[in-house]
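Enquirer: input12.cif is the file, holding mmCIF, C-alpha atoms:
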data_coords
loop_
_atom_site.label_atom_id
_atom_site.label_comp_id
_atom_site.auth_asym_id
_atom_site.auth_seq_id
_atom_site.Cartn_x
_atom_site.Cartn_y
_atom_site.Cartn_z
CA MET A 1 161.57 145.71 72.71
CA PRO A 2 164.27 146.27 75.35
CA LYS A 3 164.93 143.53 77.88
CA LEU A 4 163.45 143.85 81.37
CA SER A 5 165.55 144.42 84.44
CA VAL A 6 165.90 141.46 86.79
CA LYS A 7 163.50 143.06 89.27
CA LEU A 8 160.79 143.68 86.66
CA LYS A 9 161.30 140.22 85.17
CA ASN A 10 160.80 138.70 88.63
CA TRP A 11 157.58 140.67 89.15
CA LEU A 12 156.29 139.56 85.76
CA LEU A 13 157.31 135.96 86.44
CA SER A 14 155.56 136.10 89.83
CA ALA A 15 152.36 137.31 88.17
CA HIS A 16 152.66 134.53 85.59
CA ILE A 17 153.09 131.89 88.30
CA GLY A 18 150.16 133.36 90.24
CA PHE A 19 147.86 133.19 87.21
CA ALA A 20 148.96 129.61 86.46
CA ALA A 21 148.37 128.56 90.08
CA LEU A 22 144.96 130.21 90.12
CA TRP A 23 144.00 128.53 86.84
CA THR A 24 145.19 125.12 88.04
CA GLY A 25 143.56 125.32 91.46
CA THR A 26 140.25 126.49 90.06
CA VAL A 27 140.10 123.77 87.43
CA LEU A 28 140.87 121.24 90.19
CA SER A 29 137.96 122.70 92.18
CA MET A 30 135.72 122.39 89.12
CA PHE A 31 136.74 118.74 88.79
CA LEU A 32 135.86 118.08 92.44
CA LEU A 33 132.48 119.79 92.04
CA SER A 34 131.86 117.73 88.89
CA LEU A 35 132.70 114.56 90.79
CA ARG A 36 130.27 115.53 93.56
CA ASN A 37 127.73 116.38 90.88
CA THR A 38 127.49 112.70 89.84
CA LYS A 39 126.03 111.80 93.25
CA ALA A 40 123.55 114.66 93.69
CA THR A 41 120.28 113.55 95.31
CA ASN A 42 118.56 116.93 95.37
CA ALA A 43 117.52 119.00 92.33
CA ASP A 44 118.61 122.26 93.95
CA ALA A 45 122.01 120.80 94.84
CA LEU A 46 122.47 119.51 91.28
CA TYR A 47 121.74 122.95 89.86
CA ALA A 48 123.92 124.66 92.49
CA LEU A 49 126.89 122.43 91.65
CA ASN A 50 126.52 123.05 87.91
CA SER A 51 126.08 126.76 88.55
CA ALA A 52 129.19 126.87 90.77
CA ILE A 53 131.23 125.12 88.07
CA ASN A 54 130.22 127.77 85.53
CA LEU A 55 130.77 130.60 88.01
CA LEU A 56 134.34 129.40 88.61
CA ASP A 57 134.92 129.03 84.88
CA ASP A 58 133.52 132.45 83.98
CA TYR A 59 135.10 134.52 86.75
CA ILE A 60 138.35 132.75 87.63
CA VAL A 61 139.46 130.26 84.96
CA ILE A 62 138.93 132.51 81.95
CA PRO A 63 140.62 135.60 83.47
CA SER A 64 143.50 133.57 84.93
CA ALA A 65 144.08 131.77 81.62
CA ILE A 66 144.11 135.12 79.83
CA GLY A 67 146.47 136.53 82.48
CA SER A 68 148.74 133.54 82.11
CA VAL A 69 148.91 133.91 78.33
CA ILE A 70 149.49 137.68 78.51
CA THR A 71 152.27 137.39 81.11
CA ALA A 72 153.86 134.52 79.15
CA THR A 73 153.80 136.65 76.01
CA PHE A 74 155.56 139.53 77.78
CA LEU A 75 158.08 137.15 79.37
CA CYS A 76 158.97 135.74 75.97
CA TRP A 77 159.05 139.17 74.37
CA THR A 78 161.09 141.00 77.02
CA THR A 79 163.52 138.36 78.27
CA ASN A 80 166.06 135.96 76.82
CA TYR A 81 163.45 133.16 76.76
CA GLY A 82 162.11 134.27 73.41
CA PHE A 83 159.22 132.53 71.69
CA THR A 84 161.17 129.83 69.85
CA LYS A 85 164.66 129.73 71.38
CA PHE A 86 163.90 126.87 73.79
CA TYR A 87 162.04 123.62 73.22
CA TRP A 88 160.39 123.83 76.65
CA VAL A 89 158.91 127.26 75.83
CA ILE A 90 157.51 125.93 72.55
CA ALA A 91 156.02 122.92 74.36
CA LYS A 92 154.35 125.19 76.91
CA TRP A 93 152.87 127.37 74.16
CA ILE A 94 151.49 124.35 72.31
CA LEU A 95 149.98 122.80 75.46
CA THR A 96 148.55 126.11 76.69
CA THR A 97 147.01 126.86 73.30
CA GLY A 98 145.45 123.39 73.31
CA LEU A 99 143.97 123.96 76.77
CA VAL A 100 142.54 127.35 75.81
CA VAL A 101 140.99 125.96 72.61
CA PHE A 102 139.60 122.89 74.43
CA GLY A 103 138.20 125.04 77.22
CA THR A 104 136.65 127.57 74.86
CA PHE A 105 135.05 125.27 72.32
CA TRP A 106 134.20 122.19 74.40
CA LEU A 107 134.48 122.50 78.16
CA PHE A 108 132.80 125.92 78.47
CA PRO A 109 129.78 124.96 76.30
CA TRP A 110 129.38 121.59 78.07
CA GLY A 111 129.21 123.35 81.42
CA ASN A 112 126.66 125.86 80.20
CA VAL A 113 124.38 123.18 78.74
CA ALA A 114 124.65 121.04 81.90
CA GLU A 115 123.69 124.04 84.05
CA ASP A 116 120.72 124.92 81.81
CA ILE A 117 119.39 121.36 81.73
CA SER A 118 119.77 120.88 85.50
CA ALA A 119 117.89 124.16 86.07
CA GLN A 120 115.01 123.04 83.85
CA GLU A 121 114.81 119.33 84.64
CA GLY A 122 116.16 118.94 88.17
CA LEU A 123 117.12 115.34 88.95
CA GLN A 124 115.47 114.17 85.71
CA ALA A 125 118.54 115.69 84.03
CA PHE A 126 120.34 112.42 84.85
CA ASP A 127 117.95 110.70 82.38
CA ASN A 128 118.71 113.22 79.64
CA PRO A 129 121.45 111.89 77.32
CA ILE A 130 122.62 115.41 76.47
CA TYR A 131 123.04 116.26 80.14
CA SER A 132 124.82 112.96 80.80
CA PHE A 133 127.23 113.57 77.92
CA ASP A 134 127.94 117.18 78.89
CA ALA A 135 128.30 116.46 82.62
CA ARG A 136 130.73 113.61 81.84
CA GLY A 137 132.53 115.94 79.46
CA VAL A 138 132.98 118.51 82.23
CA LEU A 139 134.18 115.83 84.65
CA THR A 140 136.65 114.31 82.19
CA GLY A 141 137.62 117.65 80.66
CA THR A 142 138.49 119.26 83.98
CA LEU A 143 140.60 116.25 84.94
CA ILE A 144 142.45 116.47 81.62
CA GLN A 145 142.96 120.21 82.12
CA VAL A 146 144.39 119.69 85.62
CA LEU A 147 146.78 117.02 84.38
CA PHE A 148 148.01 119.17 81.50
CA LEU A 149 148.35 122.25 83.71
CA VAL A 150 150.46 120.25 86.18
CA LEU A 151 152.55 119.02 83.22
CA ILE A 152 153.03 122.62 82.05
CA ILE A 153 154.09 123.66 85.55
CA GLY A 154 156.53 120.73 85.64
CA ILE A 155 157.99 121.80 82.30
CA SER A 156 158.37 125.35 83.65
CA VAL A 157 160.30 124.16 86.68
CA LEU A 158 162.40 121.40 85.10
CA LYS A 159 162.96 122.97 81.66
CA PRO A 160 163.66 119.46 80.35
CA TRP A 161 164.60 120.40 76.81
CA GLY A 162 167.33 122.86 76.12
CA ARG A 163 167.97 125.59 73.63
CA ARG A 164 167.19 125.04 69.98
CA PRO A 165 170.20 125.17 67.70
CA MET A 166 170.32 128.45 65.83
CA LYS A 167 171.60 127.59 62.35
CA GLU A 168 171.17 131.11 60.99
CA LYS A 169 173.49 132.60 63.63
CA LYS A 170 176.11 129.88 63.18
CA GLN A 171 175.99 130.41 59.41
CA ALA A 172 176.32 134.21 59.79
CA ILE A 173 179.27 133.83 62.17
CA ALA A 174 181.04 131.39 59.81
CA ASP A 175 180.74 133.81 56.88
#
Rewrite the coordinates I just gave you, this time as C-alpha coordinates.

Expert:
Amino acid sequence: MPKLSVKLKNWLLSAHIGFAALWTGTVLSMFLLSLRNTKATNADALYALNSAINLLDDYIVIPSAIGSVITATFLCWTTNYGFTKFYWVIAKWILTTGLVVFGTFWLFPWGNVAEDISAQEGLQAFDNPIYSFDARGVLTGTLIQVLFLVLIIGISVLKPWGRRPMKEKKQAIAD
(Lines of atoms letter the chains of each structure in order from A and count residues from 1; the text may use other names and numbers.)
(Lines give C-alpha, C1' and ligand atoms only; values in the text may rest on other atoms or scores of the structure.)
Protein backbone atom coordinates (compact mmCIF):
# COMPACT_ATOMS: atom_id res chain seq x y z
CA MET A 1 0.00 0.00 0.00
CA PRO A 2 1.36 3.48 -0.79
CA LYS A 3 2.41 5.72 2.08
CA LEU A 4 0.05 8.46 3.25
CA SER A 5 0.77 12.12 2.77
CA VAL A 6 1.70 14.04 5.91
CA LYS A 7 -1.74 15.69 6.01
CA LEU A 8 -3.62 12.38 5.75
CA LYS A 9 -1.28 10.75 8.28
CA ASN A 10 -2.00 13.58 10.72
CA TRP A 11 -5.76 13.15 10.27
CA LEU A 12 -5.46 9.42 10.85
CA LEU A 13 -3.22 9.96 13.87
CA SER A 14 -5.71 12.49 15.27
CA ALA A 15 -8.53 9.96 14.92
CA HIS A 16 -6.36 7.33 16.62
CA ILE A 17 -5.60 9.66 19.53
CA GLY A 18 -9.28 10.59 19.80
CA PHE A 19 -10.36 6.94 19.99
CA ALA A 20 -7.66 6.20 22.59
CA ALA A 21 -8.71 9.21 24.69
CA LEU A 22 -12.37 8.23 24.48
CA TRP A 23 -11.57 4.64 25.46
CA THR A 24 -9.40 5.75 28.39
CA GLY A 25 -11.83 8.36 29.70
CA THR A 26 -14.79 6.03 29.50
CA VAL A 27 -13.03 3.19 31.29
CA LEU A 28 -12.03 5.70 34.00
CA SER A 29 -15.70 6.69 34.27
CA MET A 30 -16.66 3.02 34.57
CA PHE A 31 -14.12 2.62 37.37
CA LEU A 32 -15.59 5.60 39.24
CA LEU A 33 -19.12 4.24 38.84
CA SER A 34 -17.91 0.84 40.08
CA LEU A 35 -16.34 2.50 43.10
CA ARG A 36 -19.60 4.32 43.85
CA ASN A 37 -21.42 1.03 43.32
CA THR A 38 -19.75 -0.47 46.41
CA LYS A 39 -21.55 2.04 48.64
CA ALA A 40 -25.04 1.93 47.11
CA THR A 41 -27.82 2.12 49.72
CA ASN A 42 -30.76 1.98 47.35
CA ALA A 43 -31.73 -0.95 45.08
CA ASP A 44 -32.64 1.36 42.19
CA ALA A 45 -29.33 3.21 42.48
CA LEU A 46 -27.40 -0.08 42.54
CA TYR A 47 -29.13 -1.23 39.36
CA ALA A 48 -28.71 2.20 37.73
CA LEU A 49 -24.96 2.21 38.42
CA ASN A 50 -24.52 -1.31 37.02
CA SER A 51 -26.68 -0.41 34.03
CA ALA A 52 -24.66 2.77 33.38
CA ILE A 53 -21.41 0.79 33.50
CA ASN A 54 -22.73 -1.59 30.82
CA LEU A 55 -24.15 1.25 28.75
CA LEU A 56 -20.73 2.93 28.68
CA ASP A 57 -19.05 -0.36 27.82
CA ASP A 58 -21.48 -1.27 25.03
CA TYR A 59 -21.77 2.12 23.34
CA ILE A 60 -18.46 3.88 23.97
CA VAL A 61 -15.70 1.49 25.08
CA ILE A 62 -16.30 -1.20 22.48
CA PRO A 63 -16.60 1.20 19.50
CA SER A 64 -13.65 3.33 20.65
CA ALA A 65 -11.46 0.25 21.17
CA ILE A 66 -12.39 -0.98 17.70
CA GLY A 67 -11.70 2.49 16.27
CA SER A 68 -8.35 2.59 18.02
CA VAL A 69 -7.33 -0.80 16.64
CA ILE A 70 -8.51 0.04 13.11
CA THR A 71 -6.71 3.40 13.03
CA ALA A 72 -3.57 1.80 14.50
CA THR A 73 -3.68 -0.85 11.80
CA PHE A 74 -3.90 1.77 9.05
CA LEU A 75 -1.14 3.84 10.68
CA CYS A 76 1.17 0.84 10.71
CA TRP A 77 0.20 -0.19 7.20
CA THR A 78 0.43 3.22 5.51
CA THR A 79 3.32 4.92 7.32
CA ASN A 80 6.94 4.19 8.15
CA TYR A 81 5.92 2.85 11.59
CA GLY A 82 5.21 -0.59 10.21
CA PHE A 83 3.94 -3.43 12.37
CA THR A 84 7.29 -4.78 13.59
CA LYS A 85 9.91 -2.13 12.80
CA PHE A 86 9.83 -0.52 16.27
CA TYR A 87 9.79 -2.12 19.70
CA TRP A 88 7.34 0.49 21.02
CA VAL A 89 4.81 -0.37 18.28
CA ILE A 90 5.08 -4.08 19.11
CA ALA A 91 4.61 -3.31 22.83
CA LYS A 92 1.49 -1.26 22.07
CA TRP A 93 0.03 -4.07 19.94
CA ILE A 94 0.65 -6.65 22.66
CA LEU A 95 -0.84 -4.47 25.42
CA THR A 96 -3.83 -3.43 23.31
CA THR A 97 -4.55 -7.02 22.32
CA GLY A 98 -4.39 -8.01 25.99
CA LEU A 99 -6.86 -5.26 26.92
CA VAL A 100 -9.29 -6.24 24.16
CA VAL A 101 -9.14 -9.93 25.13
CA PHE A 102 -9.52 -9.13 28.85
CA GLY A 103 -12.42 -6.78 28.18
CA THR A 104 -14.19 -9.19 25.86
CA PHE A 105 -13.88 -12.41 27.84
CA TRP A 106 -13.85 -11.18 31.45
CA LEU A 107 -14.78 -7.55 32.05
CA PHE A 108 -17.78 -7.44 29.69
CA PRO A 109 -19.37 -10.64 31.08
CA TRP A 110 -18.74 -9.58 34.70
CA GLY A 111 -20.56 -6.31 34.07
CA ASN A 112 -23.50 -8.04 32.43
CA VAL A 113 -23.91 -10.54 35.28
CA ALA A 114 -23.62 -7.79 37.92
CA GLU A 115 -26.33 -5.77 36.15
CA ASP A 116 -28.65 -8.80 35.87
CA ILE A 117 -28.23 -9.79 39.51
CA SER A 118 -28.73 -6.23 40.78
CA ALA A 119 -31.92 -5.96 38.69
CA GLN A 120 -33.30 -9.19 40.16
CA GLU A 121 -32.09 -8.99 43.76
CA GLY A 122 -31.73 -5.29 44.54
CA LEU A 123 -29.56 -4.68 47.61
CA GLN A 124 -29.59 -8.41 48.41
CA ALA A 125 -27.15 -8.67 45.49
CA PHE A 126 -24.42 -7.68 47.97
CA ASP A 127 -25.05 -11.03 49.73
CA ASN A 128 -24.73 -12.98 46.48
CA PRO A 129 -21.17 -14.32 46.06
CA ILE A 130 -21.45 -14.25 42.27
CA TYR A 131 -22.46 -10.59 42.32
CA SER A 132 -19.69 -9.76 44.79
CA PHE A 133 -17.09 -11.49 42.62
CA ASP A 134 -18.30 -9.89 39.38
CA ALA A 135 -18.70 -6.39 40.87
CA ARG A 136 -15.17 -6.61 42.33
CA GLY A 137 -13.98 -7.87 38.96
CA VAL A 138 -15.46 -4.83 37.22
CA LEU A 139 -13.93 -2.49 39.82
CA THR A 140 -10.48 -4.07 39.63
CA GLY A 141 -10.67 -4.73 35.90
CA THR A 142 -11.52 -1.14 35.00
CA LEU A 143 -8.68 0.13 37.18
CA ILE A 144 -6.27 -2.26 35.43
CA GLN A 145 -7.58 -1.14 32.04
CA VAL A 146 -7.09 2.54 32.90
CA LEU A 147 -3.54 1.92 34.09
CA PHE A 148 -2.62 -0.04 30.96
CA LEU A 149 -4.26 2.52 28.67
CA VAL A 150 -2.26 5.30 30.34
CA LEU A 151 0.88 3.15 29.89
CA ILE A 152 0.06 2.70 26.20
CA ILE A 153 -0.44 6.44 25.80
CA GLY A 154 2.90 7.04 27.55
CA ILE A 155 4.61 4.60 25.18
CA SER A 156 3.04 6.43 22.23
CA VAL A 157 4.38 9.77 23.39
CA LEU A 158 7.80 8.72 24.67
CA LYS A 159 8.55 5.93 22.16
CA PRO A 160 11.02 4.53 24.70
CA TRP A 161 12.40 1.70 22.59
CA GLY A 162 13.87 2.35 19.21
CA ARG A 163 13.92 0.62 15.89
CA ARG A 164 14.49 -3.11 15.71
CA PRO A 165 17.65 -4.12 13.89
CA MET A 166 16.85 -5.40 10.43
CA LYS A 167 19.27 -8.27 9.82
CA GLU A 168 17.75 -9.24 6.47
CA LYS A 169 18.38 -5.78 4.99
CA LYS A 170 21.93 -5.60 6.35
CA GLN A 171 22.63 -9.07 4.93
CA ALA A 172 21.17 -8.12 1.52
CA ILE A 173 23.22 -4.91 1.40
CA ALA A 174 26.44 -6.76 2.32
CA ASP A 175 25.95 -9.28 -0.50

Enquirer: Could you produce a table of the residues of range 70-156 of chain A lying within 10 Å of range 5-13 of chain A, with the nearest pair of atoms per residue and their separation in Å rounded to one decimal, using all atoms listed in the file, ordered by chain and increasing residue number, as a tab-separated table?

Expert:
residue	atom	partner	partner_atom	distance
A:Thr71	CA	A:Leu12	CA	6.5
A:Ala72	CA	A:Leu13	CA	8.2
A:Phe74	CA	A:Leu12	CA	8.0
A:Leu75	CA	A:Leu12	CA	7.1
A:Thr78	CA	A:Lys9	CA	8.2
A:Thr79	CA	A:Lys9	CA	7.5

Enquirer: Using only C-alpha atoms, please write the residues we just selected to a file, as an mmCIF file, keeping the file's coordinate frame.

Expert:
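That gives us result-v2.cif:
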data_model
loop_
_atom_site.group_PDB
_atom_site.id
_atom_site.type_symbol
_atom_site.label_atom_id
_atom_site.label_comp_id
_atom_site.auth_asym_id
_atom_site.auth_seq_id
_atom_site.Cartn_x
_atom_site.Cartn_y
_atom_site.Cartn_z
ATOM 1 C CA THR A 71 152.270 137.390 81.110
ATOM 2 C CA ALA A 72 153.860 134.520 79.150
ATOM 3 C CA PHE A 74 155.560 139.530 77.780
ATOM 4 C CA LEU A 75 158.080 137.150 79.370
ATOM 5 C CA THR A 78 161.090 141.000 77.020
ATOM 6 C CA THR A 79 163.520 138.360 78.270
#

Enquirer: Would you tabulate, counting all atoms listed in the file, all residues of range 56-145 of chain A that have an atom at most 9 Å from an atom of range 17-36 of chain A, showing the closest pair of atoms and their distance in Å to one decimal, sorted by chain then ascending number, as a Markdown table?

Expert:
| residue | atom | partner | partner_atom | distance |
| --- | --- | --- | --- | --- |
| A:Leu56 | CA | A:Thr26 | CA | 6.7 |
| A:Asp57 | CA | A:Val27 | CA | 7.8 |
| A:Ile60 | CA | A:Thr26 | CA | 7.0 |
| A:Val61 | CA | A:Trp23 | CA | 5.2 |
| A:Ile62 | CA | A:Trp23 | CA | 8.1 |
| A:Pro63 | CA | A:Phe19 | CA | 8.5 |
| A:Ser64 | CA | A:Phe19 | CA | 4.9 |
| A:Ala65 | CA | A:Trp23 | CA | 6.1 |
| A:Ile66 | CA | A:Phe19 | CA | 8.5 |
| A:Gly67 | CA | A:Phe19 | CA | 6.0 |
| A:Ser68 | CA | A:Phe19 | CA | 5.2 |
| A:Val69 | CA | A:Phe19 | CA | 9.0 |
| A:Thr71 | CA | A:Phe19 | CA | 8.6 |
| A:Ala135 | CA | A:Ser34 | CA | 7.3 |
| A:Arg136 | CA | A:Ser34 | CA | 8.2 |
| A:Val138 | CA | A:Ser34 | CA | 6.8 |
| A:Leu139 | CA | A:Ser34 | CA | 5.2 |
| A:Thr140 | CA | A:Phe31 | CA | 7.9 |
| A:Gly141 | CA | A:Phe31 | CA | 8.2 |
| A:Thr142 | CA | A:Phe31 | CA | 5.1 |
| A:Leu143 | CA | A:Phe31 | CA | 6.0 |
| A:Gln145 | CA | A:Val27 | CA | 7.0 |

Enquirer: Go ahead and compute the interatomic distance for CA of Ile153 in chain A and CA of Lys92 in chain A, in Å to one decimal.

Expert: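 Going from CA of Ile153 in chain A over to CA of Lys92 in chain A, I get 8.8 Å.
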
Enquirer: Could you list the residues chosen by the PyMOL selection byres ((chain A and resi 118-128) around 9) in this structure as a list in words?

Expert: Thr38, Ala40, Thr41, Asn42, Ala43, Asp44, Leu46, Tyr47, Ala48, Asn50, Ser51, Val113, Ala114, Glu115, Asp116, Ile117, Pro129, Ile130, Tyr131, Ser132 and Phe133 of chain A

Enquirer: How would the residues just chosen look if you wrote them out with C-alpha atoms as a PDB file, keeping the file's coordinate frame?

Expert:
ATOM      1  CA  THR A  38     127.490 112.700  89.840  1.00  0.00           C
ATOM      2  CA  ALA A  40     123.550 114.660  93.690  1.00  0.00           C
ATOM      3  CA  THR A  41     120.280 113.550  95.310  1.00  0.00           C
ATOM      4  CA  ASN A  42     118.560 116.930  95.370  1.00  0.00           C
ATOM      5  CA  ALA A  43     117.520 119.000  92.330  1.00  0.00           C
ATOM      6  CA  ASP A  44     118.610 122.260  93.950  1.00  0.00           C
ATOM      7  CA  LEU A  46     122.470 119.510  91.280  1.00  0.00           C
ATOM      8  CA  TYR A  47     121.740 122.950  89.860  1.00  0.00           C
ATOM      9  CA  ALA A  48     123.920 124.660  92.490  1.00  0.00           C
ATOM     10  CA  ASN A  50     126.520 123.050  87.910  1.00  0.00           C
ATOM     11  CA  SER A  51     126.080 126.760  88.550  1.00  0.00           C
ATOM     12  CA  VAL A 113     124.380 123.180  78.740  1.00  0.00           C
ATOM     13  CA  ALA A 114     124.650 121.040  81.900  1.00  0.00           C
ATOM     14  CA  GLU A 115     123.690 124.040  84.050  1.00  0.00           C
ATOM     15  CA  ASP A 116     120.720 124.920  81.810  1.00  0.00           C
ATOM     16  CA  ILE A 117     119.390 121.360  81.730  1.00  0.00           C
ATOM     17  CA  PRO A 129     121.450 111.890  77.320  1.00  0.00           C
ATOM     18  CA  ILE A 130     122.620 115.410  76.470  1.00  0.00           C
ATOM     19  CA  TYR A 131     123.040 116.260  80.140  1.00  0.00           C
ATOM     20  CA  SER A 132     124.820 112.960  80.800  1.00  0.00           C
ATOM     21  CA  PHE A 133     127.230 113.570  77.920  1.00  0.00           C
TER      22      PHE A 133
END

Enquirer: Between CA of Gly154 in chain A and CA of Trp93 in chain A, what distance in Å does the model show, to one decimal?

Expert: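 The value is 13.8 Å.
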
Enquirer: Just checking: using only C-alpha atoms, which residue out of A:Ser156, A:Ile94, A:Gly137, A:Leu4 ends up closest to His16 in chain A?

Expert: A:Ser156

Enquirer: For CA of Ala15 in chain A and CA of Ala52 in chain A, determine how far apart the two atoms are, in Å to one decimal place.

Expert: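 Result for CA of Ala15 in chain A versus CA of Ala52 in chain A: 25.5 Å, one decimal.
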
Enquirer: Using only C-alpha atoms, pick whichever of A:Trp161, A:Ser14, A:Ile144, A:Met166 has the shortest atom-to-atom distance to Gly98 in chain A.

Expert: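 Of A:Trp161, A:Ser14, A:Ile144, A:Met166, the one nearest Gly98 in chain A, counting only C-alpha atoms, is A:Ile144.
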
Enquirer: Pick from A:Gly111, A:Leu147, A:Lys85, A:Ile70: nearest to Leu99 in chain A, with all atoms listed in the file counted?

Expert: A:Leu147

Enquirer: Adding 5 Å on each side of the box along x, y and z that holds all listed atoms of range 25-36 of chain A, could you give its centre and edge lengths in Å to one decimal, as lines of an AutoDock Vina configuration file?

Expert:
center_x = 136.9
center_y = 120.5
center_z = 90.5
size_x = 23.3
size_y = 21.9
size_z = 16.1

Enquirer: Using all atoms listed in the file, can you list as a list in words the residues within 12 Å of (162.6, 120.6, 83.8)?

Expert: Phe86, Tyr87, Trp88, Val89, Ala91, Lys92, Leu151, Ile152, Ile153, Gly154, Ile155, Ser156, Val157, Leu158, Lys159, Pro160, Trp161 and Gly162 of chain A

Enquirer: With only C-alpha atoms as the basis for distance, which of A:Val150, A:Asp58, A:Lys39, A:Leu49 is at the shortest distance from Thr104 in chain A?

Expert: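 Closest residue, counting only C-alpha atoms: A:Asp58.
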